[in-house]
file data_4.cif (mmCIF, C-alpha atoms and all ligand atoms)
data_work
#
loop_
_atom_site.label_atom_id
_atom_site.label_comp_id
_atom_site.auth_asym_id
_atom_site.auth_seq_id
_atom_site.Cartn_x
_atom_site.Cartn_y
_atom_site.Cartn_z
CA LYS A 118 38.57 -119.15 218.25
CA THR A 119 36.56 -116.26 216.92
CA LEU A 120 37.14 -115.66 213.24
CA VAL A 121 35.68 -112.19 213.03
CA HIS A 122 36.87 -108.72 213.87
CA GLY A 123 35.38 -105.27 213.79
CA ASP A 124 32.08 -103.97 215.11
CA GLN A 125 30.13 -107.15 215.75
CA ARG A 126 27.13 -105.31 217.13
CA ARG A 127 25.64 -105.10 213.66
CA LEU A 128 24.94 -108.83 213.66
CA PHE A 129 23.33 -108.89 217.08
CA ASN A 130 19.62 -108.40 217.48
CA THR A 131 17.94 -106.30 220.15
CA SER A 132 18.01 -109.05 222.80
CA ASN A 133 21.80 -109.02 222.32
CA SER A 134 22.01 -112.63 221.17
CA ARG A 135 23.70 -113.47 217.90
CA MET A 136 21.32 -113.77 214.94
CA THR A 137 20.84 -117.42 213.98
CA ILE A 138 18.04 -117.20 211.45
CA MET A 139 17.19 -115.06 208.44
CA PRO A 140 14.52 -114.79 205.71
CA ALA A 141 15.28 -116.74 202.52
CA TRP A 142 13.74 -118.64 199.63
CA VAL A 143 14.80 -122.28 199.91
CA ILE A 144 14.12 -125.62 198.27
CA ASP A 145 13.84 -128.84 200.29
CA ARG A 146 13.88 -131.15 197.25
CA TYR A 147 14.48 -130.83 193.52
CA GLY A 148 11.55 -130.19 191.20
CA SER A 149 9.51 -127.58 189.38
CA ASN A 150 8.74 -124.07 190.62
CA ASP A 151 6.44 -125.24 193.41
CA VAL A 152 9.42 -126.54 195.43
CA LEU A 153 10.37 -122.93 196.22
CA ARG A 154 9.50 -122.11 199.83
CA PHE A 155 9.80 -118.81 201.68
CA THR A 156 11.01 -119.08 205.26
CA LYS A 157 11.94 -116.60 207.95
CA ASN A 158 13.97 -119.33 209.66
CA ALA A 159 16.79 -120.13 207.24
CA GLY A 160 20.14 -120.74 208.95
CA PHE A 161 22.20 -117.56 209.31
CA PRO A 162 25.52 -117.91 207.45
CA ILE A 163 28.60 -118.59 209.56
CA ILE A 164 32.21 -117.61 208.92
CA ASN A 165 34.00 -120.99 208.80
CA TYR A 166 37.31 -119.78 207.36
CA PRO A 167 39.19 -116.62 208.32
CA ASN A 168 39.21 -115.34 204.72
CA GLU A 169 35.41 -115.21 204.52
CA VAL A 170 33.00 -112.28 204.68
CA ILE A 171 29.29 -112.11 205.47
CA VAL A 172 27.36 -109.84 203.11
CA GLN A 173 23.89 -108.41 203.55
CA VAL A 174 22.27 -109.00 200.18
CA HIS A 175 20.48 -106.02 198.64
CA ALA A 176 19.79 -107.54 195.23
CA ALA A 177 20.08 -111.02 193.69
CA GLY A 178 20.40 -111.73 189.98
CA LEU A 179 18.98 -114.93 188.47
CA ASN A 180 20.51 -117.10 185.76
CA PRO A 181 19.37 -120.16 183.77
CA ILE A 182 21.49 -122.32 186.13
CA ASP A 183 19.16 -121.41 189.02
CA VAL A 184 16.25 -122.98 187.16
CA SER A 185 18.37 -126.00 186.24
CA MET A 186 19.65 -126.43 189.81
CA ARG A 187 16.11 -126.17 191.15
CA GLY A 188 15.48 -129.33 189.10
CA GLY A 189 18.59 -131.12 190.38
CA TYR A 190 21.03 -130.25 187.60
CA GLY A 191 24.64 -130.61 188.71
CA ALA A 192 23.66 -132.17 192.05
CA ALA A 193 26.39 -134.84 191.93
CA THR A 194 29.24 -132.41 191.23
CA MET A 195 27.95 -129.84 193.74
CA ALA A 196 27.69 -132.54 196.42
CA MET A 197 31.33 -133.47 195.79
CA LYS A 198 32.45 -129.82 196.01
CA ARG A 199 30.52 -129.29 199.28
CA ASP A 200 31.54 -132.58 200.86
CA PRO A 201 34.64 -134.03 199.14
CA LEU A 202 35.02 -136.85 201.69
CA ASN A 203 31.38 -137.87 201.24
CA ILE A 204 30.73 -137.76 204.98
CA ASN A 205 27.20 -136.35 204.86
CA GLN A 206 24.08 -138.25 203.88
CA SER A 207 22.53 -137.56 200.47
CA GLY A 208 20.12 -134.65 200.67
CA SER A 209 22.28 -132.79 203.20
CA GLU A 210 22.35 -129.78 200.81
CA PHE A 211 18.74 -128.97 201.78
CA PRO A 212 17.37 -126.48 202.58
CA LEU A 213 19.20 -125.14 199.53
CA ILE A 214 19.26 -121.44 198.65
CA LEU A 215 19.47 -120.60 194.93
CA GLY A 216 20.70 -117.31 193.37
CA ARG A 217 24.17 -116.88 191.88
CA ASP A 218 24.44 -113.09 191.61
CA MET A 219 24.66 -110.72 194.52
CA SER A 220 25.11 -107.07 195.29
CA GLY A 221 25.16 -105.94 198.89
CA ILE A 222 27.07 -104.60 201.89
CA ILE A 223 29.74 -106.35 203.96
CA MET A 224 28.52 -106.91 207.51
CA GLU A 225 31.36 -108.96 208.97
CA CYS A 226 34.91 -109.91 207.98
CA GLY A 227 37.00 -112.96 208.90
CA LEU A 228 40.29 -112.34 210.73
CA ASP A 229 42.45 -112.81 207.62
CA VAL A 230 40.53 -110.26 205.58
CA ALA A 231 42.80 -107.23 205.51
CA PRO A 232 40.92 -103.97 206.07
CA ALA A 233 42.86 -102.60 203.08
CA TYR A 234 40.82 -104.97 200.91
CA PHE A 235 37.42 -105.19 202.60
CA LYS A 236 35.83 -103.80 205.72
CA GLU A 237 32.35 -103.65 207.15
CA GLY A 238 30.11 -101.29 205.25
CA ASP A 239 31.83 -101.81 201.87
CA GLU A 240 29.45 -102.14 198.92
CA VAL A 241 30.37 -105.32 197.06
CA TRP A 242 29.20 -107.57 194.24
CA ALA A 243 29.95 -111.22 193.58
CA ALA A 244 29.12 -114.29 191.54
CA ILE A 245 28.40 -117.07 194.02
CA PRO A 246 29.77 -120.52 193.09
CA PRO A 247 26.93 -123.00 192.53
CA TRP A 248 28.10 -125.26 195.38
CA LYS A 249 27.56 -122.47 197.93
CA GLN A 250 24.34 -121.17 199.46
CA GLY A 251 22.97 -118.48 197.13
CA SER A 252 21.72 -114.93 197.23
CA LEU A 253 17.94 -115.40 197.51
CA ALA A 254 18.39 -114.66 201.21
CA GLU A 255 19.13 -111.65 203.40
CA PHE A 256 22.73 -112.72 204.09
CA VAL A 257 25.36 -114.83 202.37
CA VAL A 258 28.89 -115.94 203.28
CA LEU A 259 31.63 -115.86 200.64
CA SER A 260 35.41 -116.01 200.37
CA ALA A 261 36.93 -112.55 200.12
CA ASN A 262 38.58 -113.52 196.82
CA GLU A 263 35.12 -114.15 195.30
CA VAL A 264 33.97 -110.65 196.22
CA SER A 265 34.77 -107.32 194.60
CA LYS A 266 33.92 -103.67 195.26
CA LYS A 267 30.70 -102.86 193.42
CA PRO A 268 30.90 -100.19 190.69
CA LYS A 269 29.99 -96.85 192.24
CA CYS A 270 27.76 -95.81 189.36
CA LEU A 271 25.44 -98.82 189.60
CA SER A 272 22.52 -99.36 191.97
CA HIS A 273 22.43 -102.72 193.79
CA ILE A 274 19.74 -103.89 191.34
CA GLU A 275 21.94 -103.04 188.35
CA ALA A 276 25.07 -104.50 189.98
CA ALA A 277 23.32 -107.82 190.66
CA ALA A 278 22.75 -108.20 186.90
CA VAL A 279 26.44 -108.49 186.09
CA PRO A 280 28.78 -110.78 188.11
CA TYR A 281 27.79 -114.34 187.06
CA VAL A 282 27.58 -113.60 183.33
CA ALA A 283 30.69 -111.41 183.59
CA ALA A 284 32.73 -114.12 185.35
CA THR A 285 31.50 -116.67 182.78
CA ALA A 286 32.34 -114.41 179.85
CA TRP A 287 35.76 -113.65 181.37
CA SER A 288 36.49 -117.34 181.85
CA ALA A 289 35.36 -118.19 178.28
CA LEU A 290 36.81 -115.23 176.39
CA VAL A 291 39.92 -114.35 178.41
CA ASN A 292 41.07 -117.54 180.15
CA THR A 293 39.94 -120.01 177.48
CA GLY A 294 39.74 -117.79 174.39
CA GLY A 295 42.96 -115.84 175.03
CA LEU A 296 41.37 -112.42 174.37
CA ASN A 297 42.29 -109.35 176.41
CA LYS A 298 42.17 -105.56 176.32
CA ASP A 299 45.49 -105.38 174.44
CA ASN A 300 45.06 -107.94 171.67
CA CYS A 301 41.45 -107.35 170.59
CA ALA A 302 42.04 -104.11 168.71
CA LYS A 303 45.74 -104.63 167.92
CA LYS A 304 45.12 -107.97 166.23
CA ARG A 305 41.71 -106.84 164.88
CA GLN A 306 39.93 -109.81 166.42
CA VAL A 307 36.72 -110.70 164.57
CA ILE A 308 34.31 -112.37 167.00
CA LEU A 309 30.98 -114.16 166.57
CA ILE A 310 28.62 -114.54 169.53
CA LEU A 311 25.89 -117.13 169.01
CA GLY A 312 23.03 -115.91 171.23
CA GLY A 313 23.75 -112.21 171.77
CA SER A 314 20.54 -111.13 173.50
CA GLY A 315 20.68 -112.97 176.86
CA GLY A 316 22.77 -112.41 179.97
CA VAL A 317 26.13 -113.71 178.75
CA GLY A 318 25.62 -112.24 175.27
CA THR A 319 24.73 -108.70 176.35
CA PHE A 320 27.71 -108.60 178.69
CA SER A 321 30.20 -110.17 176.24
CA ILE A 322 29.26 -107.76 173.46
CA GLN A 323 30.07 -104.77 175.66
CA MET A 324 33.37 -106.14 176.98
CA LEU A 325 34.60 -107.07 173.49
CA LYS A 326 33.55 -103.73 172.00
CA ALA A 327 35.26 -101.89 174.86
CA TRP A 328 38.45 -103.80 173.94
CA GLY A 329 38.10 -102.90 170.25
CA ALA A 330 37.04 -106.23 168.71
CA HIS A 331 34.72 -106.51 165.72
CA VAL A 332 31.56 -108.25 166.99
CA THR A 333 28.84 -110.11 165.09
CA VAL A 334 25.95 -111.69 166.99
CA THR A 335 23.04 -113.96 166.21
CA CYS A 336 19.71 -113.20 167.89
CA SER A 337 15.98 -112.94 167.22
CA GLN A 338 14.85 -110.05 165.05
CA ASN A 339 13.13 -108.34 168.01
CA ALA A 340 16.43 -108.21 169.93
CA GLU A 341 18.33 -106.39 167.16
CA CYS A 342 17.69 -102.94 168.63
CA LEU A 343 19.00 -104.06 172.06
CA VAL A 344 22.25 -105.56 170.76
CA ARG A 345 22.90 -102.68 168.36
CA GLY A 346 22.52 -100.32 171.31
CA LEU A 347 25.32 -102.25 173.04
CA GLY A 348 27.65 -101.59 170.12
CA VAL A 349 27.43 -104.73 167.95
CA ASP A 350 28.85 -104.32 164.43
CA HIS A 351 26.75 -106.91 162.64
CA VAL A 352 23.54 -108.75 163.52
CA VAL A 353 22.22 -111.97 162.00
CA ASP A 354 18.57 -112.84 162.72
CA TYR A 355 18.53 -116.58 163.40
CA THR A 356 14.75 -116.75 162.97
CA ALA A 357 14.91 -115.54 159.35
CA GLY A 358 16.26 -118.78 157.85
CA PRO A 359 19.22 -121.12 158.24
CA VAL A 360 21.58 -118.96 160.30
CA GLU A 361 24.71 -120.85 159.22
CA VAL A 362 24.06 -119.93 155.58
CA ALA A 363 23.96 -116.21 156.42
CA LEU A 364 27.07 -116.55 158.60
CA ARG A 365 29.06 -118.42 155.94
CA ALA A 366 28.69 -115.38 153.66
CA LEU A 367 30.67 -113.26 156.17
CA GLU A 368 34.39 -112.89 156.81
CA LYS A 369 35.73 -115.83 158.84
CA PHE A 370 36.08 -115.40 162.61
CA ASP A 371 38.96 -115.50 165.11
CA LEU A 372 36.69 -116.71 167.91
CA VAL A 373 33.14 -118.03 168.20
CA LEU A 374 31.44 -117.85 171.62
CA ASP A 375 28.53 -120.29 171.63
CA ASN A 376 25.74 -119.47 174.12
CA VAL A 377 23.20 -121.58 172.23
CA GLY A 378 24.41 -125.18 171.81
CA GLY A 379 22.30 -127.86 170.18
CA ASP A 380 23.31 -128.36 166.54
CA THR A 381 25.62 -125.31 166.46
CA GLU A 382 28.76 -127.46 166.84
CA SER A 383 28.03 -129.14 163.51
CA TRP A 384 28.58 -125.90 161.56
CA ALA A 385 30.07 -123.17 163.81
CA LEU A 386 33.67 -124.44 163.70
CA GLY A 387 33.58 -124.12 159.91
CA LEU A 388 33.16 -120.35 160.38
CA LEU A 389 36.63 -120.02 161.96
CA LYS A 390 39.82 -118.92 160.16
CA PRO A 391 41.80 -122.18 159.79
CA TRP A 392 45.44 -122.54 160.90
CA CYS A 393 45.46 -119.13 162.66
CA GLY A 394 44.85 -120.21 166.26
CA ALA A 395 41.12 -119.47 165.95
CA LYS A 396 38.91 -120.89 168.71
CA TYR A 397 35.36 -122.10 169.19
CA VAL A 398 34.36 -121.80 172.86
CA THR A 399 31.02 -123.29 173.88
CA LEU A 400 29.26 -122.65 177.19
CA VAL A 401 26.75 -125.40 176.55
CA THR A 402 28.57 -128.53 177.70
CA PRO A 403 27.45 -131.95 178.98
CA PHE A 404 29.89 -131.86 181.93
CA LEU A 405 27.40 -131.61 184.83
CA ARG A 406 24.83 -133.82 183.07
CA ASN A 407 27.49 -136.52 182.67
CA THR A 408 28.29 -136.52 186.39
CA ASP A 409 24.57 -136.47 187.29
CA ARG A 410 23.95 -139.44 184.99
CA LEU A 411 27.09 -141.52 185.50
CA GLY A 412 28.43 -140.44 188.89
CA ILE A 413 31.56 -138.40 189.50
CA ALA A 414 34.26 -140.82 188.33
CA ASP A 415 32.57 -142.16 185.19
CA GLY A 416 31.05 -138.77 184.39
CA MET A 417 34.43 -137.05 184.51
CA LEU A 418 35.99 -139.82 182.45
CA GLN A 419 33.24 -139.53 179.84
CA THR A 420 33.69 -135.74 179.84
CA GLY A 421 37.46 -136.02 179.36
CA VAL A 422 37.07 -138.49 176.49
CA THR A 423 34.42 -136.36 174.76
CA VAL A 424 36.32 -133.08 174.96
CA ALA A 425 39.65 -134.66 173.98
CA TYR A 426 38.07 -136.42 170.98
CA LYS A 427 36.41 -133.22 169.76
CA ALA A 428 39.50 -131.08 170.36
CA LEU A 429 41.69 -133.49 168.37
CA LYS A 430 39.14 -133.86 165.57
CA HIS A 431 38.95 -130.09 165.05
CA LEU A 432 42.67 -129.53 165.56
CA SER A 433 43.26 -131.64 162.47
CA LYS A 434 41.19 -129.05 160.58
CA GLY A 435 43.27 -126.18 161.98
CA VAL A 436 40.81 -124.81 164.58
CA HIS A 437 40.57 -125.12 168.37
CA TYR A 438 37.57 -126.60 170.15
CA ARG A 439 37.12 -125.58 173.81
CA TRP A 440 34.58 -125.68 176.64
CA GLY A 441 33.92 -122.49 178.61
CA MET A 442 32.95 -122.72 182.28
CA PHE A 443 31.88 -120.24 184.92
CA ALA A 444 34.67 -119.67 187.45
CA PRO A 445 34.38 -117.35 190.47
CA ASN A 446 36.84 -114.51 189.96
CA GLY A 447 36.95 -111.48 192.27
CA PRO A 448 40.00 -109.91 190.55
CA ALA A 449 38.23 -110.07 187.14
CA LEU A 450 35.23 -108.35 188.74
CA ASP A 451 37.62 -105.59 189.90
CA ASP A 452 38.62 -104.94 186.26
CA ILE A 453 35.00 -105.10 185.14
CA SER A 454 34.00 -102.71 187.90
CA GLU A 455 36.49 -100.17 186.51
CA MET A 456 35.09 -100.62 183.01
CA VAL A 457 31.56 -100.05 184.33
CA ASP A 458 32.56 -96.91 186.23
CA ALA A 459 34.36 -95.67 183.11
CA GLY A 460 31.05 -95.95 181.22
CA LYS A 461 32.25 -98.76 178.94
CA ILE A 462 29.84 -101.44 180.22
CA ARG A 463 26.31 -101.01 181.49
CA ALA A 464 24.00 -103.39 183.31
CA VAL A 465 21.16 -104.73 181.15
CA VAL A 466 18.26 -105.32 183.54
CA GLU A 467 15.24 -106.67 181.72
CA GLU A 468 12.92 -107.04 184.70
CA GLU A 469 13.01 -106.41 188.44
CA PHE A 470 11.02 -108.42 191.02
CA THR A 471 10.45 -107.99 194.77
CA PHE A 472 11.63 -110.58 197.34
CA SER A 473 8.07 -111.90 197.65
CA GLN A 474 7.96 -112.47 193.86
CA VAL A 475 10.88 -114.92 193.64
CA PRO A 476 8.68 -117.71 192.14
CA GLN A 477 7.52 -115.31 189.39
CA ALA A 478 11.13 -114.25 188.76
CA MET A 479 12.20 -117.90 188.41
CA LEU A 480 9.33 -118.54 185.99
CA LYS A 481 10.40 -115.56 183.92
CA VAL A 482 13.93 -117.00 183.58
CA GLU A 483 12.50 -120.48 182.89
CA LYS A 484 10.39 -119.16 179.99
CA GLY A 485 13.58 -118.10 178.18
CA HIS A 486 13.80 -115.37 175.52
CA ALA A 487 15.83 -113.24 177.94
CA ARG A 488 16.73 -109.73 176.88
CA GLY A 489 19.39 -109.10 179.50
CA LYS A 490 18.89 -110.03 183.16
CA THR A 491 16.19 -110.74 185.74
CA VAL A 492 16.94 -109.29 189.19
CA VAL A 493 15.25 -109.62 192.62
CA LYS A 494 15.33 -106.76 195.14
CA ILE A 495 16.10 -108.34 198.53
CA SER A 496 16.34 -105.41 200.95
P1 LIG A 501 19.90 -116.41 178.73
O1 LIG A 501 18.70 -117.26 178.96
O2 LIG A 501 20.06 -115.14 179.49
O3 LIG A 501 19.99 -116.02 177.18
C1 LIG A 501 19.85 -116.91 176.13
C2 LIG A 501 19.56 -116.03 174.89
O4 LIG A 501 19.72 -116.79 173.70
C3 LIG A 501 18.13 -115.48 174.88
O5 LIG A 501 18.21 -114.09 174.65
C4 LIG A 501 17.47 -116.20 173.71
O6 LIG A 501 16.49 -115.33 173.14
C5 LIG A 501 18.67 -116.44 172.79
N1 LIG A 501 18.54 -117.58 171.88
C6 LIG A 501 17.84 -118.73 172.05
N2 LIG A 501 18.02 -119.55 171.00
C7 LIG A 501 18.86 -118.91 170.16
C8 LIG A 501 19.44 -119.25 168.89
N3 LIG A 501 19.18 -120.43 168.31
N4 LIG A 501 20.26 -118.36 168.30
C9 LIG A 501 20.55 -117.17 168.89
N5 LIG A 501 20.03 -116.78 170.08
C10 LIG A 501 19.21 -117.65 170.71
O7 LIG A 501 21.16 -117.34 178.97
P2 LIG A 501 22.67 -116.90 179.38
O8 LIG A 501 23.12 -115.85 178.43
O9 LIG A 501 22.75 -116.62 180.82
O10 LIG A 501 23.45 -118.25 179.11
C11 LIG A 501 23.61 -118.72 177.77
C12 LIG A 501 23.90 -120.22 177.80
O11 LIG A 501 25.15 -120.44 178.44
C13 LIG A 501 22.87 -121.03 178.58
O12 LIG A 501 22.67 -122.26 177.91
C14 LIG A 501 23.55 -121.28 179.91
O13 LIG A 501 23.08 -122.46 180.52
C15 LIG A 501 24.99 -121.39 179.48
N6 LIG A 501 25.92 -121.03 180.55
C16 LIG A 501 26.92 -121.91 180.83
C17 LIG A 501 27.83 -121.62 181.80
C18 LIG A 501 28.95 -122.58 182.06
O14 LIG A 501 29.62 -122.49 183.11
N7 LIG A 501 29.23 -123.49 181.14
C19 LIG A 501 27.71 -120.41 182.63
C20 LIG A 501 26.66 -119.51 182.21
C21 LIG A 501 25.79 -119.84 181.21
P3 LIG A 501 15.38 -115.85 172.07
O15 LIG A 501 14.99 -117.26 172.47
O16 LIG A 501 14.22 -114.91 172.21
O17 LIG A 501 16.04 -115.76 170.75
#
call {"tool": "encode", "arguments": {"input": "data_4.cif", "output": "structure tokens", "more": "lines below"}}
Ligand code: NDP
result
Amino acid sequence: KTLVHGDQRRLFNTSNSRMTIMPAWVIDRYGSNDVLRFTKNAGFPIINYPNEVIVQVHAAGLNPIDVSMRGGYGAATMAMKRDPLNINQSGSEFPLILGRDMSGIIMECGLDVAPAYFKEGDEVWAAIPPWKQGSLAEFVVLSANEVSKKPKCLSHIEAAAVPYVAATAWSALVNTGGLNKDNCAKKRQVILILGGSGGVGTFSIQMLKAWGAHVTVTCSQNAECLVRGLGVDHVVDYTAGPVEVALRALEKFDLVLDNVGGDTESWALGLLKPWCGAKYVTLVTPFLRNTDRLGIADGMLQTGVTVAYKALKHLSKGVHYRWGMFAPNGPALDDISEMVDAGKIRAVVEEEFTFSQVPQAMLKVEKGHARGKTVVKIS
């Protein structure tokens, strides 16, 4: 049964046979940057389910998780998501294509994709779940509900800087943190973002300011200008001395978004308003490391015990402890797209690389000290 409709000629090459290969950066094993390999012969994506679309990638955004996954981070959980019945041999994920952010043009739609939602030629953006083949390739296949129409006012390069951090921020702040466009201003939510200058921080600042929250961030002194330009109300330079001392002198917070981790948990929950429903949401969690180290069953058990223990411990002090996780979310991207086109959120592209410079782009992300996003132009 064919799962596609529409003008299929676009995906046929001049000899009129269906394209089976495409250029991509792949890895064949986990390791440091030298495992990245460019090939013109990567497998062309196939529509396996009728709700899928094939997108021609114009730009791919990179995230810290690409560097981590290159080294094998999350391999156990991703293997389970790709192959829940454990039928395939270990290593069947290779050649693996990294790249979680994508902006491009729909080339082919599955039969269940209603033309009212998506059709060939639509400009779309998406955050690609880590268990799927990524965007460092000319084409990618995604579920239609992971894809959203790209904001009209952004170039593909700019659009590829947004989806993964936006979906993560939405999951952490909206789904886990309970914030939304109605309650931020009405309830005068006072928010602290630990780590305001990177991808998640620069996006979260703008979304929260657009919704009318009061936003304080921590960042290095040389990022102050960037975050102030995004609308932050108060900046604390974490390199100037013990950051928790400076933060304790401020009004207490309704929500802390932690993009930093490490020792932050030992003091950040003390910055919350007690017995008011205030929440600490951290994005730096041991979930995937636990499953890598202990296997799926024991790793998930360990994760459940850890998060339940911490949540209960902090609940007794009147504050909520939560873990934030990336979750693919096309409908959230629709809302964000509207905010971008309304001029409320802009893409923060720190550096742009060509397709041949993918190893350099990965090294840039690996070095840290991001000031926004690193993006690769694909076509
Ligand atoms: P980036 O690398 O884009 O940004 C990190 C930023 O934090 C940099 O600007 C860095 O700049 C700054 N920083 C480093 N140390 C500190 C500190 N002690 N205090 C304040 N700022 C600091 O990362 P992302 O924004 O993309 O992601 C943030 C974190 O969230 C990462 O750890 C990432 O792995 C995690 N994450 C988790 C997800 C999940 O599903 N759980 C999903 C997405 C991200 P400088 O060093 O110059 O100060």
call {"tool": "residues_near_ligand", "arguments": {"input": "data_4.cif", "ligand": "ligand LIG 501 (chain A)", "cutoff": "6 Å", "atoms": "all atoms listed in the file", "output": "list of chain:residue names"}}
result
A:Asn180, A:Pro181, A:Ile182, A:Thr285, A:Leu311, A:Gly312, A:Ser314, A:Gly315, A:Gly316, A:Val317, A:Gly318, A:Thr335, A:Cys336, A:Ser337, A:Tyr355, A:Asn376, A:Val377, A:Leu400, A:Val401, A:Gly441, A:Met442, A:Phe443, A:Gly485, A:His486, A:Ala487, A:Arg488
call {"tool": "closest_residue", "arguments": {"input": "data_4.cif", "among": "A:Val466, A:Val172, A:Leu290, A:Ala366", "to": "Val258 (chain A)", "atoms": "all atoms listed in the file"}}
result
A:Val172
call {"tool": "atom_distance", "arguments": {"input": "data_4.cif", "atom1": "CA of Asp451 (chain A)", "atom2": "CA of Val334 (chain A)"}}
result
26.4 Å
call {"tool": "atom_distance", "arguments": {"input": "data_4.cif", "atom1": "CA of Val143 (chain A)", "atom2": "CA of Ala284 (chain A)"}}
result
24.5 Å
call {"tool": "atom_distance", "arguments": {"input": "data_4.cif", "atom1": "CA of Ala283 (chain A)", "atom2": "CA of Ile453 (chain A)"}}
result
7.8 Å
call {"tool": "closest_residue", "arguments": {"input": "data_4.cif", "among": "A:Ser185, A:Thr381, A:Asn262, A:Thr194", "to": "Arg410 (chain A)", "atoms": "all atoms listed in the file"}}
result
A:Thr194
call {"tool": "residues_near_point", "arguments": {"input": "data_4.cif", "point": "(20.0, -106.5, 192.2)", "cutoff": "8 Å", "atoms": "all atoms listed in the file", "output": "compact mmCIF listing (two decimals) with C-alpha atoms, in the coordinates of the input"}}
result
# COMPACT_ATOMS: atom_id res chain seq x y z
CA HIS A 175 20.48 -106.02 198.64
CA ALA A 176 19.79 -107.54 195.23
CA ALA A 177 20.08 -111.02 193.69
CA GLY A 178 20.40 -111.73 189.98
CA ASP A 218 24.44 -113.09 191.61
CA MET A 219 24.66 -110.72 194.52
CA SER A 220 25.11 -107.07 195.29
CA SER A 272 22.52 -99.36 191.97
CA HIS A 273 22.43 -102.72 193.79
CA ILE A 274 19.74 -103.89 191.34
CA GLU A 275 21.94 -103.04 188.35
CA ALA A 276 25.07 -104.50 189.98
CA ALA A 277 23.32 -107.82 190.66
CA ALA A 278 22.75 -108.20 186.90
CA GLU A 469 13.01 -106.41 188.44
CA VAL A 492 16.94 -109.29 189.19
CA VAL A 493 15.25 -109.62 192.62
CA LYS A 494 15.33 -106.76 195.14
CA ILE A 495 16.10 -108.34 198.53
call {"tool": "residues_around", "arguments": {"input": "data_4.cif", "residues": "region 320-323 of chain A", "least_positions_apart": "6", "cutoff": "7 Å", "atoms": "only C-alpha atoms", "output": "list in words"}}
result
Val282, Ala283, Ala286, Val332, Leu347, Gly348, Val349 and Ile462 of chain A
call {"tool": "closest_residue", "arguments": {"input": "data_4.cif", "among": "A:Leu386, A:Leu429, A:Ala327, A:Ala357", "to": "Ala459 (chain A)", "atoms": "only C-alpha atoms"}}
result
A:Ala327
call {"tool": "axis_aligned_box", "arguments": {"input": "data_4.cif", "around": "region 307-321 of chain A", "padding_each_side": "3 Å", "output": "AutoDock Vina command-line options"}}
result
--center_x 28.6 --center_y -112.9 --center_z 172.3 --size_x 22.2 --size_y 14.5 --size_z 21.4
call {"tool": "decode", "arguments": {"input": "data_4.cif", "residues": "region 320-332 of chain A", "atoms": "N, CA and C atoms", "output": "short mmCIF file (atom, residue, chain, number, x, y, z; two decimals), in the first residue's frame"}}
result
data_model
loop_
_atom_site.label_atom_id
_atom_site.label_comp_id
_atom_site.auth_asym_id
_atom_site.auth_seq_id
_atom_site.Cartn_x
_atom_site.Cartn_y
_atom_site.Cartn_z
N PHE A 320 15.52 31.71 24.92
CA PHE A 320 14.13 31.54 24.49
C PHE A 320 13.17 31.78 25.66
N SER A 321 13.47 31.17 26.82
CA SER A 321 12.54 31.25 27.97
C SER A 321 12.34 32.69 28.41
N ILE A 322 13.40 33.46 28.42
CA ILE A 322 13.29 34.87 28.81
C ILE A 322 12.21 35.55 27.96
N GLN A 323 12.32 35.35 26.64
CA GLN A 323 11.42 36.07 25.73
C GLN A 323 9.97 35.61 25.89
N MET A 324 9.78 34.29 26.07
CA MET A 324 8.40 33.80 26.21
C MET A 324 7.79 34.34 27.50
N LEU A 325 8.56 34.30 28.59
CA LEU A 325 8.02 34.76 29.87
C LEU A 325 7.77 36.27 29.87
N LYS A 326 8.66 37.02 29.24
CA LYS A 326 8.43 38.47 29.17
C LYS A 326 7.22 38.78 28.29
N ALA A 327 7.05 38.02 27.21
CA ALA A 327 5.87 38.25 26.35
C ALA A 327 4.60 37.98 27.13
N TRP A 328 4.63 37.09 28.11
CA TRP A 328 3.46 36.76 28.92
C TRP A 328 3.34 37.64 30.16
N GLY A 329 4.30 38.56 30.34
CA GLY A 329 4.16 39.55 31.42
C GLY A 329 4.75 39.16 32.76
N ALA A 330 5.61 38.12 32.80
CA ALA A 330 6.25 37.74 34.06
C ALA A 330 7.39 38.70 34.38
N HIS A 331 7.81 38.69 35.65
CA HIS A 331 9.02 39.42 36.05
C HIS A 331 10.16 38.40 36.01
N VAL A 332 11.23 38.69 35.26
CA VAL A 332 12.27 37.67 35.01
C VAL A 332 13.65 38.15 35.49
#
